[in-house]
$ cat input.txt   # compact mmCIF, C-alpha atoms (C1' of nucleotides)
# COMPACT_ATOMS: atom_id res chain seq x y z
CA MET I 239 -291.46 -26.52 -108.05
CA VAL I 240 -293.24 -29.02 -110.23
CA LYS I 241 -296.93 -28.15 -110.24
CA GLU I 242 -298.23 -30.01 -113.23
CA LEU I 243 -300.77 -32.21 -111.49
CA ASP I 244 -303.62 -31.01 -113.65
CA GLU I 245 -303.68 -27.66 -111.95
CA LYS I 246 -307.37 -27.81 -111.02
CA SER I 247 -309.37 -29.52 -108.25
CA ASP I 248 -306.76 -29.10 -105.57
CA ALA I 249 -308.87 -26.81 -103.47
CA LEU I 250 -309.21 -27.35 -99.74
CA PRO I 251 -312.60 -28.20 -98.28
CA ASP I 252 -314.90 -25.29 -97.62
CA HIS I 253 -317.71 -26.39 -95.35
CA VAL I 254 -318.68 -25.67 -91.76
CA GLY I 255 -317.06 -28.74 -90.35
CA TRP I 256 -313.70 -28.07 -91.95
CA ARG I 257 -313.77 -24.38 -91.14
CA LEU I 258 -314.72 -25.00 -87.55
CA TRP I 259 -311.97 -27.54 -87.22
CA GLN I 260 -309.34 -25.26 -88.68
CA ALA I 261 -310.46 -22.31 -86.60
CA SER I 262 -310.60 -24.35 -83.43
CA ARG I 263 -307.20 -25.79 -84.07
CA ALA I 264 -305.68 -22.37 -84.70
CA TRP I 265 -307.18 -20.98 -81.54
CA GLN I 266 -305.94 -23.82 -79.40
CA THR I 267 -302.47 -23.68 -80.83
CA GLU I 268 -302.25 -19.98 -80.14
CA PHE I 269 -303.71 -20.26 -76.67
CA ALA I 270 -301.58 -23.19 -75.59
CA ALA I 271 -298.43 -21.50 -76.84
CA ALA I 272 -299.26 -18.36 -74.86
CA MET I 273 -300.03 -20.36 -71.73
CA ARG I 274 -296.73 -22.18 -71.90
CA ALA I 275 -294.94 -18.94 -72.58
CA ALA I 276 -296.64 -17.57 -69.45
CA GLY I 277 -294.97 -20.28 -67.41
CA HIS I 278 -297.68 -22.93 -67.35
CA ALA I 279 -295.61 -25.67 -68.91
CA TRP I 280 -298.07 -28.34 -67.81
CA PHE I 281 -300.73 -26.89 -70.09
CA SER I 282 -302.01 -29.04 -72.93
CA GLU I 283 -305.09 -28.99 -75.10
CA ALA I 284 -306.58 -32.13 -73.64
CA ARG I 285 -306.12 -30.80 -70.14
CA ALA I 286 -307.64 -27.49 -71.18
CA GLY I 287 -310.65 -29.35 -72.48
CA LEU I 288 -311.19 -30.89 -69.09
CA LEU I 289 -310.47 -27.75 -67.07
CA GLY I 290 -313.14 -25.98 -69.09
CA HIS I 291 -315.65 -28.21 -67.38
CA ILE I 292 -314.41 -27.48 -63.87
CA PRO I 293 -315.95 -24.32 -62.42
CA ARG I 294 -313.87 -22.13 -60.15
CA ASN I 295 -315.56 -23.44 -57.05
CA GLY I 296 -314.86 -27.03 -57.96
CA THR I 297 -317.08 -29.94 -58.80
CA ARG I 298 -317.66 -33.57 -58.10
CA GLN I 299 -315.65 -35.95 -60.21
CA SER I 300 -318.76 -37.76 -61.32
CA ALA I 301 -320.35 -34.54 -62.54
CA LEU I 302 -317.25 -33.92 -64.55
CA ILE I 303 -317.61 -37.27 -66.24
CA GLU I 304 -321.08 -36.41 -67.41
CA ARG I 305 -320.03 -33.09 -68.88
CA ALA I 306 -316.87 -33.94 -70.69
CA ALA I 307 -317.82 -36.38 -73.40
CA ILE I 308 -315.05 -38.85 -72.65
CA SER I 309 -314.84 -42.02 -70.61
CA LYS I 310 -314.57 -41.82 -66.86
CA GLN I 311 -311.18 -43.49 -67.05
CA ALA I 312 -309.93 -40.79 -69.39
CA VAL I 313 -311.21 -38.14 -66.99
CA GLN I 314 -309.46 -39.87 -64.18
CA GLN I 315 -306.15 -40.05 -65.97
CA LEU I 316 -306.32 -36.39 -66.86
CA LEU I 317 -307.16 -35.56 -63.25
CA ASP I 318 -304.28 -37.72 -62.07
CA GLY I 319 -301.95 -35.70 -64.25
CA LEU I 320 -303.35 -32.35 -63.19
CA GLU I 321 -303.20 -33.37 -59.56
CA ALA I 322 -299.60 -34.48 -59.94
CA GLU I 323 -298.81 -31.11 -61.47
CA GLY I 324 -300.35 -29.42 -58.46
CA VAL I 325 -303.07 -27.70 -60.46
CA LEU I 326 -305.94 -29.51 -58.80
CA GLU I 327 -306.59 -31.49 -55.69
CA ARG I 328 -309.12 -34.19 -54.88
CA LEU I 329 -310.94 -34.45 -51.58
CA PRO I 330 -313.39 -37.02 -50.36
CA ASP I 331 -316.98 -35.90 -50.77
CA PRO I 332 -318.40 -35.49 -47.24
CA ARG I 333 -321.87 -36.22 -48.55
CA ASP I 334 -321.07 -39.37 -50.47
CA GLY I 335 -318.52 -41.86 -49.28
CA ARG I 336 -317.90 -43.00 -52.84
CA GLY I 337 -317.41 -39.61 -54.37
CA LYS I 338 -314.58 -37.13 -54.64
CA LEU I 339 -314.55 -33.40 -54.99
CA VAL I 340 -312.18 -31.77 -57.42
CA ARG I 341 -311.00 -28.26 -56.82
CA TYR I 342 -308.31 -25.87 -57.93
CA THR I 343 -305.15 -25.22 -55.98
CA ARG I 344 -303.62 -21.79 -55.85
CA LYS I 345 -301.49 -22.74 -58.82
CA GLY I 346 -304.58 -23.76 -60.73
CA LEU I 347 -306.39 -20.52 -59.98
CA ASP I 348 -303.36 -18.55 -61.07
CA ALA I 349 -303.41 -20.38 -64.37
CA LEU I 350 -307.10 -19.62 -64.81
CA ARG I 351 -306.41 -15.96 -64.25
CA ASP I 352 -303.61 -15.91 -66.82
CA GLY I 353 -305.81 -17.87 -69.18
CA ASP I 354 -308.54 -15.26 -68.94
CA HIS I 355 -306.06 -12.59 -69.81
CA ILE I 356 -304.63 -14.46 -72.79
CA LYS I 357 -308.10 -15.29 -74.00
CA LEU I 358 -308.97 -11.59 -74.11
CA GLU I 359 -305.84 -10.77 -76.04
CA ILE I 360 -306.56 -13.40 -78.63
CA GLU I 361 -310.11 -12.18 -78.98
CA ARG I 362 -308.82 -8.70 -79.52
CA GLY I 363 -306.66 -10.03 -82.33
CA TYR I 364 -309.64 -11.73 -83.90
CA ILE I 365 -311.68 -8.58 -83.80
CA ASP I 366 -308.84 -6.72 -85.42
CA ARG I 367 -308.76 -9.26 -88.19
CA ILE I 368 -312.44 -9.63 -89.05
CA GLY I 369 -314.09 -6.63 -87.42
CA GLU I 370 -316.44 -6.32 -84.48
CA ARG I 371 -319.48 -7.01 -86.56
CA ARG I 372 -318.32 -10.32 -87.94
CA PHE I 373 -316.94 -11.35 -84.59
CA ALA I 374 -320.25 -10.69 -82.88
CA ALA I 375 -322.05 -12.61 -85.60
CA LEU I 376 -319.66 -15.50 -85.11
CA MET I 377 -320.30 -15.66 -81.39
CA ASP I 378 -324.00 -15.33 -81.93
CA ALA I 379 -324.08 -18.21 -84.39
CA LEU I 380 -321.93 -20.42 -82.22
CA ARG I 381 -324.07 -19.77 -79.17
CA SER I 382 -327.24 -20.50 -81.09
CA LEU I 383 -325.77 -23.70 -82.37
CA ASP I 384 -324.99 -24.76 -78.87
CA ALA I 385 -328.38 -23.75 -77.54
CA GLU I 386 -330.34 -25.65 -80.19
CA GLN I 387 -328.37 -28.79 -79.49
CA GLY I 388 -329.48 -31.25 -82.12
CA ASP I 389 -328.59 -34.00 -79.72
CA ALA I 390 -326.56 -35.74 -82.33
CA SER I 391 -324.04 -35.64 -79.52
CA GLY I 392 -322.93 -39.15 -78.72
CA ASP I 393 -323.11 -39.97 -75.05
CA ALA I 394 -319.89 -40.43 -73.18
CA PRO I 395 -318.56 -43.87 -73.99
CA GLY I 396 -317.19 -46.21 -71.38
CA SER I 397 -320.07 -45.27 -69.15
CA LYS I 398 -321.83 -48.57 -69.01
CA MET N 259 -329.25 -35.02 -56.80
CA VAL N 260 -327.11 -33.00 -54.44
CA LYS N 261 -326.47 -29.59 -55.97
CA GLU N 262 -325.41 -27.53 -53.02
CA LEU N 263 -321.99 -26.48 -54.24
CA ASP N 264 -322.77 -22.81 -53.80
CA GLU N 265 -325.08 -22.79 -56.79
CA LYS N 266 -323.28 -19.97 -58.56
CA SER N 267 -320.13 -19.75 -60.66
CA ASP N 268 -320.50 -23.15 -62.27
CA ALA N 269 -321.01 -21.75 -65.74
CA LEU N 270 -319.13 -23.17 -68.67
CA PRO N 271 -316.71 -20.96 -70.56
CA ASP N 272 -318.20 -18.64 -73.15
CA HIS N 273 -315.49 -17.40 -75.46
CA VAL N 274 -314.61 -17.97 -79.10
CA GLY N 275 -312.05 -20.61 -78.41
CA TRP N 276 -314.32 -22.72 -76.28
CA ARG N 277 -317.27 -22.30 -78.60
CA LEU N 278 -315.22 -23.16 -81.63
CA TRP N 279 -313.86 -26.20 -79.91
CA GLN N 280 -317.26 -27.44 -78.84
CA ALA N 281 -318.79 -26.81 -82.23
CA SER N 282 -315.93 -28.47 -84.04
CA ARG N 283 -316.07 -31.45 -81.76
CA ALA N 284 -319.82 -31.84 -82.22
CA TRP N 285 -319.48 -31.66 -85.97
CA GLN N 286 -316.74 -34.23 -86.11
CA THR N 287 -318.56 -36.61 -83.82
CA GLU N 288 -321.67 -36.40 -85.94
CA PHE N 289 -319.79 -36.73 -89.19
CA ALA N 290 -317.63 -39.63 -88.10
CA ALA N 291 -320.64 -41.50 -86.74
CA ALA N 292 -322.47 -41.07 -90.04
CA MET N 293 -319.45 -42.17 -92.03
CA ARG N 294 -319.06 -45.33 -90.00
CA ALA N 295 -322.77 -45.99 -90.25
CA ALA N 296 -322.36 -45.65 -94.02
CA GLY N 297 -319.92 -48.53 -93.97
CA HIS N 298 -316.60 -46.68 -93.75
CA ALA N 299 -315.42 -48.28 -90.56
CA TRP N 300 -311.86 -47.12 -91.12
CA PHE N 301 -312.92 -43.49 -90.75
CA SER N 302 -311.45 -41.50 -87.89
CA GLU N 303 -311.08 -37.82 -87.14
CA ALA N 304 -307.34 -37.78 -87.48
CA ARG N 305 -307.56 -39.51 -90.83
CA ALA N 306 -310.26 -37.10 -91.93
CA GLY N 307 -307.96 -34.25 -91.06
CA LEU N 308 -305.35 -35.60 -93.41
CA LEU N 309 -307.75 -36.54 -96.21
CA GLY N 310 -308.99 -32.97 -96.19
CA HIS N 311 -305.59 -31.98 -97.51
CA ILE N 312 -305.57 -34.51 -100.33
CA PRO N 313 -307.36 -33.25 -103.44
CA ARG N 314 -309.32 -35.68 -105.57
CA ASN N 315 -306.61 -35.89 -108.16
CA GLY N 316 -303.96 -36.75 -105.63
CA THR N 317 -300.88 -34.97 -104.41
CA ARG N 318 -297.24 -35.48 -103.63
CA GLN N 319 -296.53 -36.70 -100.14
CA SER N 320 -294.16 -33.84 -99.53
CA ALA N 321 -296.83 -31.30 -100.46
CA LEU N 322 -299.10 -32.95 -97.95
CA ILE N 323 -296.53 -32.50 -95.23
CA GLU N 324 -296.42 -28.78 -95.84
CA ARG N 325 -300.18 -28.38 -95.67
CA ALA N 326 -301.13 -30.46 -92.69
CA ALA N 327 -299.54 -28.88 -89.68
CA ILE N 328 -298.09 -32.08 -88.30
CA SER N 329 -294.73 -33.78 -88.57
CA LYS N 330 -293.82 -35.70 -91.68
CA GLN N 331 -293.61 -38.86 -89.61
CA ALA N 332 -297.17 -38.38 -88.43
CA VAL N 333 -298.29 -37.87 -92.01
CA GLN N 334 -296.50 -41.01 -92.99
CA GLN N 335 -298.09 -43.09 -90.29
CA LEU N 336 -301.54 -41.86 -91.20
CA LEU N 337 -300.83 -42.62 -94.85
CA ASP N 338 -299.57 -46.08 -93.90
CA GLY N 339 -302.86 -46.74 -92.18
CA LEU N 340 -304.98 -45.38 -94.99
CA GLU N 341 -303.00 -47.35 -97.53
CA ALA N 342 -303.41 -50.52 -95.49
CA GLU N 343 -307.15 -49.88 -95.43
CA GLY N 344 -307.14 -49.60 -99.19
CA VAL N 345 -308.33 -46.01 -99.20
CA LEU N 346 -305.20 -44.58 -100.78
CA GLU N 347 -302.23 -45.81 -102.74
CA ARG N 348 -298.72 -44.47 -103.08
CA LEU N 349 -296.83 -44.48 -106.35
CA PRO N 350 -293.29 -43.40 -107.08
CA ASP N 351 -293.13 -39.90 -108.49
CA PRO N 352 -291.91 -40.25 -112.09
CA ARG N 353 -290.41 -36.79 -111.93
CA ASP N 354 -288.53 -37.18 -108.67
CA GLY N 355 -286.90 -40.43 -107.69
CA ARG N 356 -287.20 -39.52 -104.02
CA GLY N 357 -290.85 -38.55 -104.05
CA LYS N 358 -294.11 -40.43 -103.90
CA LEU N 359 -297.52 -39.58 -105.23
CA VAL N 360 -300.55 -40.20 -103.09
CA ARG N 361 -303.88 -40.85 -104.72
CA TYR N 362 -307.29 -42.25 -103.89
CA THR N 363 -308.37 -45.76 -104.74
CA ARG N 364 -311.90 -46.50 -105.83
CA LYS N 365 -312.74 -47.18 -102.21
CA GLY N 366 -311.35 -43.82 -101.23
CA LEU N 367 -313.31 -41.98 -103.89
CA ASP N 368 -316.48 -43.74 -102.80
CA ALA N 369 -315.88 -42.55 -99.28
CA LEU N 370 -315.38 -38.99 -100.49
CA ARG N 371 -318.67 -39.15 -102.33
CA ASP N 372 -320.51 -40.41 -99.26
CA GLY N 373 -318.76 -37.80 -97.19
CA ASP N 374 -320.00 -35.03 -99.44
CA HIS N 375 -323.50 -36.28 -99.04
CA ILE N 376 -323.32 -36.56 -95.27
CA LYS N 377 -321.74 -33.15 -95.06
CA LEU N 378 -324.71 -31.62 -96.88
CA GLU N 379 -327.17 -33.34 -94.58
CA ILE N 380 -325.41 -32.05 -91.51
CA GLU N 381 -325.34 -28.56 -92.92
CA ARG N 382 -329.03 -28.76 -93.58
CA GLY N 383 -329.54 -29.68 -89.93
CA TYR N 384 -327.48 -26.69 -88.85
CA ILE N 385 -329.50 -24.35 -91.00
CA ASP N 386 -332.67 -25.76 -89.53
CA ARG N 387 -331.35 -25.09 -86.08
CA ILE N 388 -330.00 -21.58 -86.40
CA GLY N 389 -331.51 -20.27 -89.62
CA GLU N 390 -329.99 -19.45 -92.98
CA ARG N 391 -328.99 -16.00 -91.94
CA ARG N 392 -326.95 -17.04 -88.94
CA PHE N 393 -325.45 -19.92 -90.83
CA ALA N 394 -324.31 -17.65 -93.63
CA ALA N 395 -322.85 -15.24 -91.09
CA LEU N 396 -321.01 -18.11 -89.45
CA MET N 397 -319.44 -19.23 -92.71
CA ASP N 398 -318.57 -15.67 -93.60
CA ALA N 399 -316.83 -15.07 -90.30
CA LEU N 400 -314.94 -18.35 -90.45
CA ARG N 401 -313.77 -17.68 -93.98
CA SER N 402 -312.62 -14.18 -93.07
CA LEU N 403 -310.75 -15.54 -90.10
CA ASP N 404 -308.95 -17.99 -92.33
CA ALA N 405 -308.21 -15.38 -94.98
CA GLU N 406 -306.71 -12.86 -92.55
CA GLN N 407 -304.43 -15.49 -91.12
CA GLY N 408 -302.78 -13.83 -88.17
CA ASP N 409 -299.86 -16.18 -88.70
CA ALA N 410 -299.88 -17.14 -85.09
CA SER N 411 -299.95 -20.57 -86.66
CA GLY N 412 -296.96 -22.55 -85.56
CA ASP N 413 -295.07 -24.14 -88.40
CA ALA N 414 -295.23 -27.89 -88.75
CA PRO N 415 -292.90 -29.38 -86.18
CA GLY N 416 -290.52 -32.19 -86.95
CA SER N 417 -289.65 -30.47 -90.20
CA LYS N 418 -286.06 -29.66 -89.56
C1' DT B 92 -333.79 -55.23 -42.49
C1' DG B 93 -331.40 -57.10 -45.88
C1' DA B 94 -330.47 -58.55 -50.48
C1' DA B 95 -330.32 -57.03 -55.29
C1' DT B 96 -328.85 -53.35 -57.94
C1' DA B 97 -326.71 -49.06 -59.31
C1' DT B 98 -323.13 -45.56 -58.87
C1' DC B 99 -318.27 -43.79 -57.93
C1' DG B 100 -313.84 -44.27 -58.39
C1' DT B 101 -309.69 -47.19 -59.47
C1' DC B 102 -306.42 -50.56 -61.63
C1' DA B 103 -304.67 -52.73 -65.70
C1' DA B 104 -303.88 -53.29 -70.40
C1' DG B 105 -304.33 -51.99 -75.19
C1' DT B 106 -304.89 -48.62 -79.32
C1' DA B 107 -304.52 -44.33 -82.00
C1' DT B 108 -302.17 -40.33 -82.79
C1' DC B 109 -298.72 -37.71 -82.35
C1' DT B 110 -293.50 -36.47 -81.16
C1' DT B 111 -288.05 -36.41 -81.77
C1' DG B 112 -283.91 -38.55 -83.50
C1' DA B 113 -281.28 -41.07 -86.72
C1' DC B 114 -280.75 -42.80 -91.23
C1' DT B 115 -280.94 -43.86 -96.63
C1' DA B 116 -281.59 -42.45 -101.23
C1' DT B 117 -282.02 -39.13 -104.59
C1' DA B 118 -281.49 -34.30 -106.38
C1' DT B 119 -279.20 -29.96 -106.99
C1' DG B 120 -275.72 -26.48 -107.50
C1' DG B 121 -271.25 -25.01 -107.67
C1' DC H 44 -267.37 -34.67 -108.33
C1' DC H 45 -268.57 -33.05 -103.92
C1' DA H 46 -271.37 -30.51 -100.53
C1' DT H 47 -275.67 -29.78 -99.16
C1' DA H 48 -280.64 -29.98 -99.24
C1' DT H 49 -284.90 -32.63 -99.82
C1' DA H 50 -288.15 -36.95 -99.69
C1' DG H 51 -289.21 -40.64 -97.37
C1' DT H 52 -288.46 -44.36 -93.79
C1' DC H 53 -287.35 -46.76 -89.35
C1' DA H 54 -287.39 -46.85 -84.38
C1' DA H 55 -288.64 -45.46 -79.93
C1' DG H 56 -291.33 -42.87 -76.76
C1' DA H 57 -295.19 -39.64 -74.93
C1' DT H 58 -299.97 -38.40 -74.66
C1' DA H 59 -304.64 -39.08 -74.83
C1' DC H 60 -307.78 -41.89 -75.23
C1' DT H 61 -310.37 -46.84 -75.14
C1' DT H 62 -312.57 -51.32 -72.94
C1' DG H 63 -312.81 -54.56 -69.19
C1' DA H 64 -312.75 -55.91 -64.48
C1' DC H 65 -313.11 -54.77 -59.84
C1' DG H 66 -313.93 -52.99 -54.80
C1' DA H 67 -316.47 -49.84 -52.01
C1' DT H 68 -320.38 -47.28 -50.92
C1' DA H 69 -325.43 -45.92 -51.77
C1' DT H 70 -330.06 -46.79 -52.91
C1' DT H 71 -334.19 -49.37 -53.55
C1' DC H 72 -337.79 -52.13 -52.30
C1' DA H 73 -339.77 -56.80 -51.04
$ encode --input "input.txt" --output "structure tokens"
Amino acid sequence: MVKELDEKSDALPDHVGWRLWQASRAWQTEFAAAMRAAGHAWFSEARAGLLGHIPRNGTRQSALIERAAISKQAVQQLLDGLEAEGVLERLPDPRDGRGKLVRYTRKGLDALRDGDHIKLEIERGYIDRIGERRFAALMDALRSLDAEQGDASGDAPGSK
Amino acid sequence: MVKELDEKSDALPDHVGWRLWQASRAWQTEFAAAMRAAGHAWFSEARAGLLGHIPRNGTRQSALIERAAISKQAVQQLLDGLEAEGVLERLPDPRDGRGKLVRYTRKGLDALRDGDHIKLEIERGYIDRIGERRFAALMDALRSLDAEQGDASGDAPGSK
DNA sequence: TGAATATCGTCAAGTATCTTGACTATATGG
DNA sequence: CCATATAGTCAAGATACTTGACGATATTCA
């Protein structure tokens, strides 16, 4: 226990970016742990990020590439993994010979259901910690932020 | 433009975790882009995450390992990179023959200064978008969340 | 119609960021 | 002095990305 490094100026950052990062990280860690504990060992944060862009009724792979802000090759590799795990399946798009449709398997839908449940539990914990009022304000601010997209969002790379 | 996939149920997730993730990602993308544009080509999100735990007057490497929730080997590799870039330097700890002190070089301190500036600009943009009131509420909620740490935070792995 | 062009998905190879395991050197506490 | 814990390093491997090149299908329009 040394602690003689001047004592002052060793505070952690306190700005939106840092706070958002910490909060996001904490949430993901908690969620992923619960998902794995629920038997979905294939679950990872990167995969979760992609699944979030796949609606329950499926989507076209190309649409997915537009939404997730990563390269199409990255999307493909993640899909390859999820397909190998039996969470998703890919079918040829009947309307476009080039395209593929991505949709959930039974296993995938089960995971979504469990995820919804876990999500609610975590939210409940948050509300316990900071109160309904603050929680509602948090959601409100985050939604507004998303709505008023300042379009500082870089386009998906690798899409040339 | 096909859009016949049932039309409904293709909404994106709308819960704290997702929102936090999206917001955090957007912030980091914007910040990193500005940092690189400001001439700090070595800047990356992972490195930023570590730098956030290094106060301006430096720290001991071991202290860093406790704070950042990643393995000591990961910390070391990030430090190796930052040292090679000339952002940080490592000195032997005069009080502990095993330890090392990590501190910023001039280049590192310059980057911190630019970072502070960029950070303020981004915040200003956020306030423009959602208003002072919502922004304040956002910070308040995030700080509360951090304060009432539910200790669902996994300990740093690789620390056995 | 048919040739130029764009889009969709894939294959291959490389980089950044993390992990676990094994090890060395120094410190600490009987 | 010896047992054990701590600080840092070395090595190897996994995951999540990247860019580049390519084949197959669609679209556009002269």
$ interface_residues --input "input.txt" --of "chain N" --to "chain H" --cutoff "8 Å" --atoms "all atoms listed in the file" --output "list in words"
Ser320, Arg356 and Gly357 of chain N
$ closest_residue --input "input.txt" --among "N:Leu370, N:Ala296, N:Leu337, N:Ile323" --to "chain I" --atoms "all atoms listed in the file"
N:Leu370
$ interface_residues --input "input.txt" --of "chain I" --to "chain B" --cutoff "10 Å" --atoms "only C-alpha atoms (C1' of nucleotides)" --output "list in words"
Gln299, Ser300, Lys310, Gln311, Gln314, Asp334, Gly335, Arg336, Gly337 and Lys338 of chain I
$ interface_residues --input "input.txt" --of "chain I" --to "chain N" --cutoff "7 Å" --atoms "all atoms listed in the file" --output "compact mmCIF listing (two decimals) with C-alpha atoms, keeping the file's coordinate frame"
# COMPACT_ATOMS: atom_id res chain seq x y z
CA SER I 247 -309.37 -29.52 -108.25
CA ASP I 248 -306.76 -29.10 -105.57
CA ALA I 249 -308.87 -26.81 -103.47
CA LEU I 250 -309.21 -27.35 -99.74
CA PRO I 251 -312.60 -28.20 -98.28
CA VAL I 254 -318.68 -25.67 -91.76
CA GLY I 255 -317.06 -28.74 -90.35
CA ARG I 257 -313.77 -24.38 -91.14
CA LEU I 258 -314.72 -25.00 -87.55
CA TRP I 259 -311.97 -27.54 -87.22
CA ALA I 261 -310.46 -22.31 -86.60
CA SER I 262 -310.60 -24.35 -83.43
CA ALA I 264 -305.68 -22.37 -84.70
CA TRP I 265 -307.18 -20.98 -81.54
CA GLN I 266 -305.94 -23.82 -79.40
CA GLU I 268 -302.25 -19.98 -80.14
CA GLY I 290 -313.14 -25.98 -69.09
CA HIS I 291 -315.65 -28.21 -67.38
CA PRO I 293 -315.95 -24.32 -62.42
CA ARG I 294 -313.87 -22.13 -60.15
CA ASN I 295 -315.56 -23.44 -57.05
CA ARG I 367 -308.76 -9.26 -88.19
CA ILE I 368 -312.44 -9.63 -89.05
CA ARG I 372 -318.32 -10.32 -87.94
CA PHE I 373 -316.94 -11.35 -84.59
CA ALA I 375 -322.05 -12.61 -85.60
CA LEU I 376 -319.66 -15.50 -85.11
CA MET I 377 -320.30 -15.66 -81.39
CA ALA I 379 -324.08 -18.21 -84.39
CA LEU I 380 -321.93 -20.42 -82.22
CA SER I 382 -327.24 -20.50 -81.09
CA LEU I 383 -325.77 -23.70 -82.37
CA GLU I 386 -330.34 -25.65 -80.19
CA ALA I 390 -326.56 -35.74 -82.33
CA SER I 391 -324.04 -35.64 -79.52
$ atom_distance --input "input.txt" --atom1 "atom CA of Ser329 of chain N" --atom2 "atom CA of Arg305 of chain N"
14.2 Å
$ atom_distance --input "input.txt" --atom1 "atom CA of Arg341 of chain I" --atom2 "atom CA of Val325 of chain I"
8.7 Å
$ axis_aligned_box --input "input.txt" --around "segment 93-105 of chain B" --padding-each-side "6 Å" --output "lines of an AutoDock Vina configuration file"
center_x = -317.6
center_y = -51.2
center_z = -60.5
size_x = 39.5
size_y = 26.8
size_z = 41.3
$ atom_distance --input "input.txt" --atom1 "atom CA of Asp348 of chain I" --atom2 "atom CA of His278 of chain I"
9.5 Å
